[in-house]
file structure-v4.cif (mmCIF, C-alpha atoms, pLDDT in the B column; chains and numbers go by the auth columns)
data_upload
loop_
_atom_site.group_PDB
_atom_site.id
_atom_site.type_symbol
_atom_site.label_atom_id
_atom_site.label_comp_id
_atom_site.label_asym_id
_atom_site.label_seq_id
_atom_site.Cartn_x
_atom_site.Cartn_y
_atom_site.Cartn_z
_atom_site.B_iso_or_equiv
_atom_site.auth_seq_id
_atom_site.auth_asym_id
ATOM 1 C CA MET A 1 0.000 0.000 0.000 50.00 1 A
ATOM 2 C CA LYS A 2 2.781 2.473 0.852 54.00 2 A
ATOM 3 C CA HIS A 3 4.282 2.031 -2.645 54.00 3 A
ATOM 4 C CA VAL A 4 0.935 2.830 -4.254 45.00 4 A
ATOM 5 C CA LEU A 5 0.754 6.059 -2.250 44.00 5 A
ATOM 6 C CA ILE A 6 4.328 6.924 -3.185 50.00 6 A
ATOM 7 C CA ALA A 7 3.589 6.289 -6.856 48.00 7 A
ATOM 8 C CA LEU A 8 0.467 8.432 -6.819 45.00 8 A
ATOM 9 C CA THR A 9 2.267 11.243 -5.042 49.00 9 A
ATOM 10 C CA LEU A 10 5.266 11.180 -7.347 49.00 10 A
ATOM 11 C CA ILE A 11 3.448 10.698 -10.635 48.00 11 A
ATOM 12 C CA CYS A 12 0.504 13.001 -9.937 47.00 12 A
ATOM 13 C CA ALA A 13 2.379 15.832 -8.253 50.00 13 A
ATOM 14 C CA PRO A 14 4.111 17.812 -10.998 47.00 14 A
ATOM 15 C CA PRO A 15 3.605 21.542 -10.652 45.00 15 A
ATOM 16 C CA ALA A 16 0.498 22.750 -12.406 44.00 16 A
ATOM 17 C CA PHE A 17 2.530 25.305 -14.352 44.00 17 A
ATOM 18 C CA CYS A 18 4.894 22.713 -15.751 50.00 18 A
ATOM 19 C CA ASP A 19 3.297 19.997 -17.883 71.00 19 A
ATOM 20 C CA THR A 20 6.594 18.898 -19.379 91.00 20 A
ATOM 21 C CA CYS A 21 10.084 18.783 -18.095 96.00 21 A
ATOM 22 C CA PRO A 22 12.289 21.703 -19.086 97.00 22 A
ATOM 23 C CA GLU A 23 15.663 21.065 -20.650 95.00 23 A
ATOM 24 C CA ALA A 24 18.315 19.949 -18.182 93.00 24 A
ATOM 25 C CA PRO A 25 20.905 22.567 -17.249 93.00 25 A
ATOM 26 C CA ASP A 26 23.911 22.507 -19.568 94.00 26 A
ATOM 27 C CA HIS A 27 26.965 21.827 -17.437 96.00 27 A
ATOM 28 C CA THR A 28 29.125 20.629 -20.336 95.00 28 A
ATOM 29 C CA ALA A 29 31.821 23.287 -19.921 97.00 29 A
ATOM 30 C CA ALA A 30 32.044 22.929 -16.141 97.00 30 A
ATOM 31 C CA LEU A 31 32.217 19.126 -16.427 97.00 31 A
ATOM 32 C CA ALA A 32 34.911 19.381 -19.104 97.00 32 A
ATOM 33 C CA ASP A 33 36.967 21.562 -16.756 98.00 33 A
ATOM 34 C CA LEU A 34 36.524 19.082 -13.892 98.00 34 A
ATOM 35 C CA ILE A 35 37.470 16.159 -16.133 97.00 35 A
ATOM 36 C CA ALA A 36 40.595 17.998 -17.281 98.00 36 A
ATOM 37 C CA ALA A 37 41.459 18.659 -13.647 98.00 37 A
ATOM 38 C CA ALA A 38 40.867 14.999 -12.730 97.00 38 A
ATOM 39 C CA ARG A 39 43.150 13.865 -15.528 96.00 39 A
ATOM 40 C CA ALA A 40 45.861 16.132 -14.151 97.00 40 A
ATOM 41 C CA ALA A 41 45.138 15.464 -10.472 97.00 41 A
ATOM 42 C CA PRO A 42 48.257 14.711 -8.440 97.00 42 A
ATOM 43 C CA ASP A 43 46.563 12.088 -6.258 95.00 43 A
ATOM 44 C CA GLU A 44 43.416 10.088 -5.609 94.00 44 A
ATOM 45 C CA THR A 45 42.159 12.404 -2.864 95.00 45 A
ATOM 46 C CA THR A 46 42.180 15.396 -5.179 97.00 46 A
ATOM 47 C CA ALA A 47 40.527 13.398 -7.957 95.00 47 A
ATOM 48 C CA ARG A 48 37.856 12.106 -5.554 94.00 48 A
ATOM 49 C CA GLN A 49 36.918 15.693 -4.647 96.00 49 A
ATOM 50 C CA LEU A 50 36.692 16.535 -8.342 97.00 50 A
ATOM 51 C CA SER A 51 34.417 13.519 -8.875 95.00 51 A
ATOM 52 C CA ASP A 52 32.204 14.736 -6.035 95.00 52 A
ATOM 53 C CA ASP A 53 32.008 18.102 -7.784 97.00 53 A
ATOM 54 C CA MET A 54 30.967 16.318 -10.984 97.00 54 A
ATOM 55 C CA TRP A 55 28.150 14.564 -9.127 96.00 55 A
ATOM 56 C CA ALA A 56 26.775 17.951 -8.116 96.00 56 A
ATOM 57 C CA TYR A 57 26.305 18.739 -11.810 97.00 57 A
ATOM 58 C CA TRP A 58 24.947 15.333 -12.844 97.00 58 A
ATOM 59 C CA SER A 59 22.387 15.472 -10.044 97.00 59 A
ATOM 60 C CA ASP A 60 21.223 19.006 -10.889 97.00 60 A
ATOM 61 C CA ALA A 61 17.730 18.241 -12.173 98.00 61 A
ATOM 62 C CA PRO A 62 15.865 20.403 -14.692 98.00 62 A
ATOM 63 C CA ASP A 63 13.302 21.774 -12.214 98.00 63 A
ATOM 64 C CA THR A 64 12.034 21.421 -8.659 97.00 64 A
ATOM 65 C CA HIS A 65 9.677 18.540 -9.419 98.00 65 A
ATOM 66 C CA ALA A 66 12.421 16.589 -11.213 98.00 66 A
ATOM 67 C CA GLN A 67 14.813 17.315 -8.336 98.00 67 A
ATOM 68 C CA ASP A 68 12.233 16.035 -5.848 98.00 68 A
ATOM 69 C CA LEU A 69 11.841 12.819 -7.854 98.00 69 A
ATOM 70 C CA LEU A 70 15.612 12.373 -8.117 98.00 70 A
ATOM 71 C CA ASP A 71 16.106 13.035 -4.412 98.00 71 A
ATOM 72 C CA GLU A 72 13.324 10.562 -3.587 98.00 72 A
ATOM 73 C CA ALA A 73 14.891 7.882 -5.792 98.00 73 A
ATOM 74 C CA ILE A 74 18.297 8.379 -4.172 98.00 74 A
ATOM 75 C CA THR A 75 16.896 8.472 -0.630 98.00 75 A
ATOM 76 C CA ARG A 76 14.903 5.296 -1.147 98.00 76 A
ATOM 77 C CA ARG A 77 17.823 3.520 -2.856 98.00 77 A
ATOM 78 C CA THR A 78 20.104 4.484 0.005 97.00 78 A
ATOM 79 C CA ALA A 79 17.527 3.079 2.460 98.00 79 A
ATOM 80 C CA TYR A 80 17.382 -0.179 0.438 97.00 80 A
ATOM 81 C CA ASP A 81 13.774 0.546 -0.531 98.00 81 A
ATOM 82 C CA PHE A 82 14.404 -0.557 -4.085 98.00 82 A
ATOM 83 C CA ASP A 83 10.715 -0.706 -5.012 98.00 83 A
ATOM 84 C CA GLY A 84 10.209 2.888 -3.866 98.00 84 A
ATOM 85 C CA ALA A 85 13.427 3.965 -5.601 98.00 85 A
ATOM 86 C CA MET A 86 12.256 2.343 -8.820 98.00 86 A
ATOM 87 C CA ILE A 87 8.885 4.106 -8.614 98.00 87 A
ATOM 88 C CA ALA A 88 10.614 7.463 -8.181 98.00 88 A
ATOM 89 C CA ALA A 89 13.155 6.795 -10.947 98.00 89 A
ATOM 90 C CA ASN A 90 10.424 5.658 -13.335 98.00 90 A
ATOM 91 C CA ALA A 91 8.405 8.790 -12.563 98.00 91 A
ATOM 92 C CA LEU A 92 11.496 10.935 -13.173 98.00 92 A
ATOM 93 C CA ILE A 93 12.179 9.244 -16.512 98.00 93 A
ATOM 94 C CA GLU A 94 8.546 9.604 -17.546 98.00 94 A
ATOM 95 C CA TYR A 95 8.575 13.289 -16.615 98.00 95 A
ATOM 96 C CA CYS A 96 12.094 14.065 -17.947 98.00 96 A
ATOM 97 C CA PRO A 97 12.953 11.520 -20.654 98.00 97 A
ATOM 98 C CA ASP A 98 16.033 13.515 -21.716 97.00 98 A
ATOM 99 C CA TYR A 99 17.566 13.839 -18.240 98.00 99 A
ATOM 100 C CA ALA A 100 20.462 11.395 -17.911 98.00 100 A
ATOM 101 C CA GLU A 101 20.490 10.962 -14.151 98.00 101 A
ATOM 102 C CA GLY A 102 17.019 9.422 -14.080 98.00 102 A
ATOM 103 C CA TYR A 103 18.274 6.538 -16.206 98.00 103 A
ATOM 104 C CA ASN A 104 21.482 6.272 -14.200 98.00 104 A
ATOM 105 C CA GLN A 105 19.577 5.967 -10.924 98.00 105 A
ATOM 106 C CA ARG A 106 17.232 3.338 -12.345 98.00 106 A
ATOM 107 C CA ALA A 107 20.247 1.405 -13.616 98.00 107 A
ATOM 108 C CA PHE A 108 21.858 1.630 -10.176 98.00 108 A
ATOM 109 C CA VAL A 109 18.746 0.187 -8.534 98.00 109 A
ATOM 110 C CA ASN A 110 18.693 -2.664 -11.048 98.00 110 A
ATOM 111 C CA PHE A 111 22.402 -3.281 -10.433 98.00 111 A
ATOM 112 C CA LEU A 112 21.827 -3.464 -6.683 98.00 112 A
ATOM 113 C CA ARG A 113 18.968 -5.888 -7.309 98.00 113 A
ATOM 114 C CA GLN A 114 21.412 -7.926 -9.398 98.00 114 A
ATOM 115 C CA GLU A 115 19.187 -7.405 -12.424 98.00 115 A
ATOM 116 C CA TYR A 116 22.190 -6.631 -14.582 98.00 116 A
ATOM 117 C CA ALA A 117 20.609 -7.111 -18.000 98.00 117 A
ATOM 118 C CA ALA A 118 17.875 -4.639 -17.030 98.00 118 A
ATOM 119 C CA ALA A 119 20.507 -2.070 -16.024 98.00 119 A
ATOM 120 C CA LEU A 120 22.349 -2.058 -19.366 98.00 120 A
ATOM 121 C CA PRO A 121 19.841 -0.128 -21.521 98.00 121 A
ATOM 122 C CA ASP A 122 19.585 2.598 -18.884 98.00 122 A
ATOM 123 C CA LEU A 123 23.351 2.892 -18.621 98.00 123 A
ATOM 124 C CA GLU A 124 23.624 3.160 -22.386 98.00 124 A
ATOM 125 C CA ARG A 125 20.886 5.826 -22.441 98.00 125 A
ATOM 126 C CA THR A 126 22.680 7.749 -19.692 98.00 126 A
ATOM 127 C CA GLU A 127 25.879 7.691 -21.737 98.00 127 A
ATOM 128 C CA ASP A 128 24.001 8.786 -24.870 98.00 128 A
ATOM 129 C CA LEU A 129 22.668 11.800 -22.982 97.00 129 A
ATOM 130 C CA SER A 130 25.835 12.463 -20.964 96.00 130 A
ATOM 131 C CA PRO A 131 28.886 10.850 -22.622 96.00 131 A
ATOM 132 C CA THR A 132 31.288 11.823 -19.826 96.00 132 A
ATOM 133 C CA HIS A 133 29.087 10.592 -16.959 97.00 133 A
ATOM 134 C CA LEU A 134 31.710 8.696 -14.984 97.00 134 A
ATOM 135 C CA GLY A 135 29.132 7.088 -12.707 96.00 135 A
ATOM 136 C CA ALA A 136 27.354 5.590 -15.693 98.00 136 A
ATOM 137 C CA LEU A 137 30.599 4.513 -17.343 98.00 137 A
ATOM 138 C CA THR A 138 31.911 2.762 -14.248 97.00 138 A
ATOM 139 C CA GLY A 139 28.462 1.330 -13.561 98.00 139 A
ATOM 140 C CA HIS A 140 28.361 0.061 -17.127 98.00 140 A
ATOM 141 C CA ALA A 141 31.751 -1.618 -16.708 98.00 141 A
ATOM 142 C CA MET A 142 30.730 -3.183 -13.389 98.00 142 A
ATOM 143 C CA THR A 143 27.453 -4.404 -14.885 98.00 143 A
ATOM 144 C CA LEU A 144 29.203 -5.979 -17.863 98.00 144 A
ATOM 145 C CA ALA A 145 31.666 -7.647 -15.487 97.00 145 A
ATOM 146 C CA ALA A 146 28.765 -8.990 -13.414 97.00 146 A
ATOM 147 C CA LEU A 147 27.392 -10.474 -16.641 97.00 147 A
ATOM 148 C CA GLN A 148 30.847 -12.022 -17.256 95.00 148 A
ATOM 149 C CA ARG A 149 31.336 -9.863 -20.333 96.00 149 A
ATOM 150 C CA ASN A 150 34.828 -8.895 -19.226 95.00 150 A
ATOM 151 C CA ALA A 151 36.220 -7.822 -22.589 95.00 151 A
ATOM 152 C CA GLU A 152 33.402 -5.323 -23.016 96.00 152 A
ATOM 153 C CA ALA A 153 33.767 -4.257 -19.378 97.00 153 A
ATOM 154 C CA ALA A 154 37.466 -3.542 -19.910 96.00 154 A
ATOM 155 C CA VAL A 155 36.699 -1.355 -22.942 96.00 155 A
ATOM 156 C CA VAL A 156 34.135 0.709 -21.020 97.00 156 A
ATOM 157 C CA LEU A 157 36.332 0.971 -17.933 97.00 157 A
ATOM 158 C CA ARG A 158 39.234 2.223 -20.064 97.00 158 A
ATOM 159 C CA ARG A 159 36.918 4.930 -21.436 97.00 159 A
ATOM 160 C CA ALA A 160 36.111 5.983 -17.870 97.00 160 A
ATOM 161 C CA LEU A 161 39.773 5.924 -16.854 97.00 161 A
ATOM 162 C CA ASP A 162 40.634 8.108 -19.836 96.00 162 A
ATOM 163 C CA LEU A 163 38.407 10.734 -18.189 96.00 163 A
ATOM 164 C CA ASN A 164 39.613 10.160 -14.628 95.00 164 A
ATOM 165 C CA PRO A 165 42.611 7.866 -14.141 96.00 165 A
ATOM 166 C CA TRP A 166 42.109 7.899 -10.349 95.00 166 A
ATOM 167 C CA LEU A 167 38.749 6.121 -10.245 95.00 167 A
ATOM 168 C CA SER A 168 38.681 3.452 -7.553 92.00 168 A
ATOM 169 C CA GLU A 169 37.523 0.930 -10.170 94.00 169 A
ATOM 170 C CA ARG A 170 40.936 1.240 -11.868 94.00 170 A
ATOM 171 C CA HIS A 171 42.123 -1.666 -9.735 93.00 171 A
ATOM 172 C CA LEU A 172 39.705 -3.977 -11.562 94.00 172 A
ATOM 173 C CA LEU A 173 41.201 -3.308 -14.976 94.00 173 A
ATOM 174 C CA PRO A 174 44.108 -5.813 -14.779 92.00 174 A
ATOM 175 C CA ALA A 175 41.741 -8.661 -13.909 92.00 175 A
ATOM 176 C CA LEU A 176 39.338 -7.677 -16.681 92.00 176 A
ATOM 177 C CA GLU A 177 42.195 -7.402 -19.155 91.00 177 A
ATOM 178 C CA ALA A 178 43.586 -10.789 -18.128 89.00 178 A
ATOM 179 C CA THR A 179 40.308 -12.483 -18.988 84.00 179 A
ATOM 180 C CA GLU A 180 39.931 -10.271 -22.055 63.00 180 A
ATOM 181 C CA GLU A 181 43.113 -11.785 -23.458 59.00 181 A
ATOM 182 C CA GLU A 182 41.830 -15.312 -22.828 57.00 182 A
ATOM 183 C CA LEU A 183 38.858 -14.769 -25.135 50.00 183 A
#

call {"tool": "encode", "arguments": {"input": "structure-v4.cif", "output": "C-alpha coordinates"}}
result
Amino acid sequence: MKHVLIALTLICAPPAFCDTCPEAPDHTAALADLIAAARAAPDETTARQLSDDMWAYWSDAPDTHAQDLLDEAITRRTAYDFDGAMIAANALIEYCPDYAEGYNQRAFVNFLRQEYAAALPDLERTEDLSPTHLGALTGHAMTLAALQRNAEAAVVLRRALDLNPWLSERHLLPALEATEEEL
(Lines of atoms letter the chains of each structure in order from A and count residues from 1; the text may use other names and numbers.)
(Lines give C-alpha, C1' and ligand atoms only; values in the text may rest on other atoms or scores of the structure.)
Protein backbone atom coordinates (compact mmCIF):
# COMPACT_ATOMS: atom_id res chain seq x y z
CA MET A 1 0.00 0.00 0.00
CA LYS A 2 2.78 2.47 0.85
CA HIS A 3 4.28 2.03 -2.65
CA VAL A 4 0.93 2.83 -4.25
CA LEU A 5 0.75 6.06 -2.25
CA ILE A 6 4.33 6.92 -3.19
CA ALA A 7 3.59 6.29 -6.86
CA LEU A 8 0.47 8.43 -6.82
CA THR A 9 2.27 11.24 -5.04
CA LEU A 10 5.27 11.18 -7.35
CA ILE A 11 3.45 10.70 -10.63
CA CYS A 12 0.50 13.00 -9.94
CA ALA A 13 2.38 15.83 -8.25
CA PRO A 14 4.11 17.81 -11.00
CA PRO A 15 3.60 21.54 -10.65
CA ALA A 16 0.50 22.75 -12.41
CA PHE A 17 2.53 25.30 -14.35
CA CYS A 18 4.89 22.71 -15.75
CA ASP A 19 3.30 20.00 -17.88
CA THR A 20 6.59 18.90 -19.38
CA CYS A 21 10.08 18.78 -18.10
CA PRO A 22 12.29 21.70 -19.09
CA GLU A 23 15.66 21.06 -20.65
CA ALA A 24 18.32 19.95 -18.18
CA PRO A 25 20.91 22.57 -17.25
CA ASP A 26 23.91 22.51 -19.57
CA HIS A 27 26.97 21.83 -17.44
CA THR A 28 29.12 20.63 -20.34
CA ALA A 29 31.82 23.29 -19.92
CA ALA A 30 32.04 22.93 -16.14
CA LEU A 31 32.22 19.13 -16.43
CA ALA A 32 34.91 19.38 -19.10
CA ASP A 33 36.97 21.56 -16.76
CA LEU A 34 36.52 19.08 -13.89
CA ILE A 35 37.47 16.16 -16.13
CA ALA A 36 40.60 18.00 -17.28
CA ALA A 37 41.46 18.66 -13.65
CA ALA A 38 40.87 15.00 -12.73
CA ARG A 39 43.15 13.87 -15.53
CA ALA A 40 45.86 16.13 -14.15
CA ALA A 41 45.14 15.46 -10.47
CA PRO A 42 48.26 14.71 -8.44
CA ASP A 43 46.56 12.09 -6.26
CA GLU A 44 43.42 10.09 -5.61
CA THR A 45 42.16 12.40 -2.86
CA THR A 46 42.18 15.40 -5.18
CA ALA A 47 40.53 13.40 -7.96
CA ARG A 48 37.86 12.11 -5.55
CA GLN A 49 36.92 15.69 -4.65
CA LEU A 50 36.69 16.53 -8.34
CA SER A 51 34.42 13.52 -8.88
CA ASP A 52 32.20 14.74 -6.04
CA ASP A 53 32.01 18.10 -7.78
CA MET A 54 30.97 16.32 -10.98
CA TRP A 55 28.15 14.56 -9.13
CA ALA A 56 26.78 17.95 -8.12
CA TYR A 57 26.31 18.74 -11.81
CA TRP A 58 24.95 15.33 -12.84
CA SER A 59 22.39 15.47 -10.04
CA ASP A 60 21.22 19.01 -10.89
CA ALA A 61 17.73 18.24 -12.17
CA PRO A 62 15.86 20.40 -14.69
CA ASP A 63 13.30 21.77 -12.21
CA THR A 64 12.03 21.42 -8.66
CA HIS A 65 9.68 18.54 -9.42
CA ALA A 66 12.42 16.59 -11.21
CA GLN A 67 14.81 17.31 -8.34
CA ASP A 68 12.23 16.03 -5.85
CA LEU A 69 11.84 12.82 -7.85
CA LEU A 70 15.61 12.37 -8.12
CA ASP A 71 16.11 13.04 -4.41
CA GLU A 72 13.32 10.56 -3.59
CA ALA A 73 14.89 7.88 -5.79
CA ILE A 74 18.30 8.38 -4.17
CA THR A 75 16.90 8.47 -0.63
CA ARG A 76 14.90 5.30 -1.15
CA ARG A 77 17.82 3.52 -2.86
CA THR A 78 20.10 4.48 0.01
CA ALA A 79 17.53 3.08 2.46
CA TYR A 80 17.38 -0.18 0.44
CA ASP A 81 13.77 0.55 -0.53
CA PHE A 82 14.40 -0.56 -4.08
CA ASP A 83 10.71 -0.71 -5.01
CA GLY A 84 10.21 2.89 -3.87
CA ALA A 85 13.43 3.97 -5.60
CA MET A 86 12.26 2.34 -8.82
CA ILE A 87 8.89 4.11 -8.61
CA ALA A 88 10.61 7.46 -8.18
CA ALA A 89 13.16 6.79 -10.95
CA ASN A 90 10.42 5.66 -13.34
CA ALA A 91 8.41 8.79 -12.56
CA LEU A 92 11.50 10.93 -13.17
CA ILE A 93 12.18 9.24 -16.51
CA GLU A 94 8.55 9.60 -17.55
CA TYR A 95 8.58 13.29 -16.61
CA CYS A 96 12.09 14.07 -17.95
CA PRO A 97 12.95 11.52 -20.65
CA ASP A 98 16.03 13.51 -21.72
CA TYR A 99 17.57 13.84 -18.24
CA ALA A 100 20.46 11.40 -17.91
CA GLU A 101 20.49 10.96 -14.15
CA GLY A 102 17.02 9.42 -14.08
CA TYR A 103 18.27 6.54 -16.21
CA ASN A 104 21.48 6.27 -14.20
CA GLN A 105 19.58 5.97 -10.92
CA ARG A 106 17.23 3.34 -12.34
CA ALA A 107 20.25 1.40 -13.62
CA PHE A 108 21.86 1.63 -10.18
CA VAL A 109 18.75 0.19 -8.53
CA ASN A 110 18.69 -2.66 -11.05
CA PHE A 111 22.40 -3.28 -10.43
CA LEU A 112 21.83 -3.46 -6.68
CA ARG A 113 18.97 -5.89 -7.31
CA GLN A 114 21.41 -7.93 -9.40
CA GLU A 115 19.19 -7.41 -12.42
CA TYR A 116 22.19 -6.63 -14.58
CA ALA A 117 20.61 -7.11 -18.00
CA ALA A 118 17.88 -4.64 -17.03
CA ALA A 119 20.51 -2.07 -16.02
CA LEU A 120 22.35 -2.06 -19.37
CA PRO A 121 19.84 -0.13 -21.52
CA ASP A 122 19.59 2.60 -18.88
CA LEU A 123 23.35 2.89 -18.62
CA GLU A 124 23.62 3.16 -22.39
CA ARG A 125 20.89 5.83 -22.44
CA THR A 126 22.68 7.75 -19.69
CA GLU A 127 25.88 7.69 -21.74
CA ASP A 128 24.00 8.79 -24.87
CA LEU A 129 22.67 11.80 -22.98
CA SER A 130 25.83 12.46 -20.96
CA PRO A 131 28.89 10.85 -22.62
CA THR A 132 31.29 11.82 -19.83
CA HIS A 133 29.09 10.59 -16.96
CA LEU A 134 31.71 8.70 -14.98
CA GLY A 135 29.13 7.09 -12.71
CA ALA A 136 27.35 5.59 -15.69
CA LEU A 137 30.60 4.51 -17.34
CA THR A 138 31.91 2.76 -14.25
CA GLY A 139 28.46 1.33 -13.56
CA HIS A 140 28.36 0.06 -17.13
CA ALA A 141 31.75 -1.62 -16.71
CA MET A 142 30.73 -3.18 -13.39
CA THR A 143 27.45 -4.40 -14.88
CA LEU A 144 29.20 -5.98 -17.86
CA ALA A 145 31.67 -7.65 -15.49
CA ALA A 146 28.76 -8.99 -13.41
CA LEU A 147 27.39 -10.47 -16.64
CA GLN A 148 30.85 -12.02 -17.26
CA ARG A 149 31.34 -9.86 -20.33
CA ASN A 150 34.83 -8.89 -19.23
CA ALA A 151 36.22 -7.82 -22.59
CA GLU A 152 33.40 -5.32 -23.02
CA ALA A 153 33.77 -4.26 -19.38
CA ALA A 154 37.47 -3.54 -19.91
CA VAL A 155 36.70 -1.36 -22.94
CA VAL A 156 34.14 0.71 -21.02
CA LEU A 157 36.33 0.97 -17.93
CA ARG A 158 39.23 2.22 -20.06
CA ARG A 159 36.92 4.93 -21.44
CA ALA A 160 36.11 5.98 -17.87
CA LEU A 161 39.77 5.92 -16.85
CA ASP A 162 40.63 8.11 -19.84
CA LEU A 163 38.41 10.73 -18.19
CA ASN A 164 39.61 10.16 -14.63
CA PRO A 165 42.61 7.87 -14.14
CA TRP A 166 42.11 7.90 -10.35
CA LEU A 167 38.75 6.12 -10.24
CA SER A 168 38.68 3.45 -7.55
CA GLU A 169 37.52 0.93 -10.17
CA ARG A 170 40.94 1.24 -11.87
CA HIS A 171 42.12 -1.67 -9.73
CA LEU A 172 39.71 -3.98 -11.56
CA LEU A 173 41.20 -3.31 -14.98
CA PRO A 174 44.11 -5.81 -14.78
CA ALA A 175 41.74 -8.66 -13.91
CA LEU A 176 39.34 -7.68 -16.68
CA GLU A 177 42.20 -7.40 -19.16
CA ALA A 178 43.59 -10.79 -18.13
CA THR A 179 40.31 -12.48 -18.99
CA GLU A 180 39.93 -10.27 -22.05
CA GLU A 181 43.11 -11.79 -23.46
CA GLU A 182 41.83 -15.31 -22.83
CA LEU A 183 38.86 -14.77 -25.13

call {"tool": "resolve_selection", "arguments": {"input": "structure-v4.cif", "expression": "the PyMOL selection byres ((chain A and resi 165) around 9)", "output": "list in words"}}
result
Ala38, Arg39, Ala40, Ala41, Glu44, Ala47, Arg158, Ala160, Leu161, Asp162, Leu163, Asn164, Trp166, Leu167, Ser168 and Arg170 of chain A

call {"tool": "atom_distance", "arguments": {"input": "structure-v4.cif", "atom1": "atom CA of A:Glu177", "atom2": "atom CA of A:Ala117"}}
result
21.6 Å

call {"tool": "residues_around", "arguments": {"input": "structure-v4.cif", "residues": "stretch 59-71 of chain A", "least_positions_apart": "3", "cutoff": "9 Å", "atoms": "only C-alpha atoms", "output": "PyMOL selection string"}}
result
chain A and resi 10+13-15+18+21-25+54-56+74-76+88-89+91-92+95-96+99+101-102+105

call {"tool": "resolve_selection", "arguments": {"input": "structure-v4.cif", "expression": "the PyMOL selection byres ((chain A and resi 148) around 12)", "output": "list in words"}}
result
Tyr116, Ala117, Ala141, Met142, Thr143, Leu144, Ala145, Ala146, Leu147, Arg149, Asn150, Ala151, Glu152, Ala153, Ala154, Ala175, Leu176, Thr179, Glu180 and Leu183 of chain A

call {"tool": "closest_residue", "arguments": {"input": "structure-v4.cif", "among": "A:Met86, A:Leu129, A:Leu134, A:Ala100", "to": "A:Arg113", "atoms": "only C-alpha atoms"}}
result
A:Met86

call {"tool": "axis_aligned_box", "arguments": {"input": "structure-v4.cif", "around": "stretch 117-127 of chain A", "padding_each_side": "5 Å", "output": "AutoDock Vina command-line options"}}
result
--center_x 21.9 --center_y 0.3 --center_z -19.2 --size_x 18.0 --size_y 24.9 --size_z 16.4

call {"tool": "atom_distance", "arguments": {"input": "structure-v4.cif", "atom1": "atom CA of A:Leu137", "atom2": "atom CA of A:Phe82"}}
result
21.5 Å

call {"tool": "residues_around", "arguments": {"input": "structure-v4.cif", "residues": "stretch 120-127 of chain A", "least_positions_apart": "3", "cutoff": "6 Å", "atoms": "all atoms listed in the file", "output": "list in words"}}
result
Ala100, Tyr103, Asn104, Ala107, Ala117, Ser130, Pro131, Ala136 and His140 of chain A
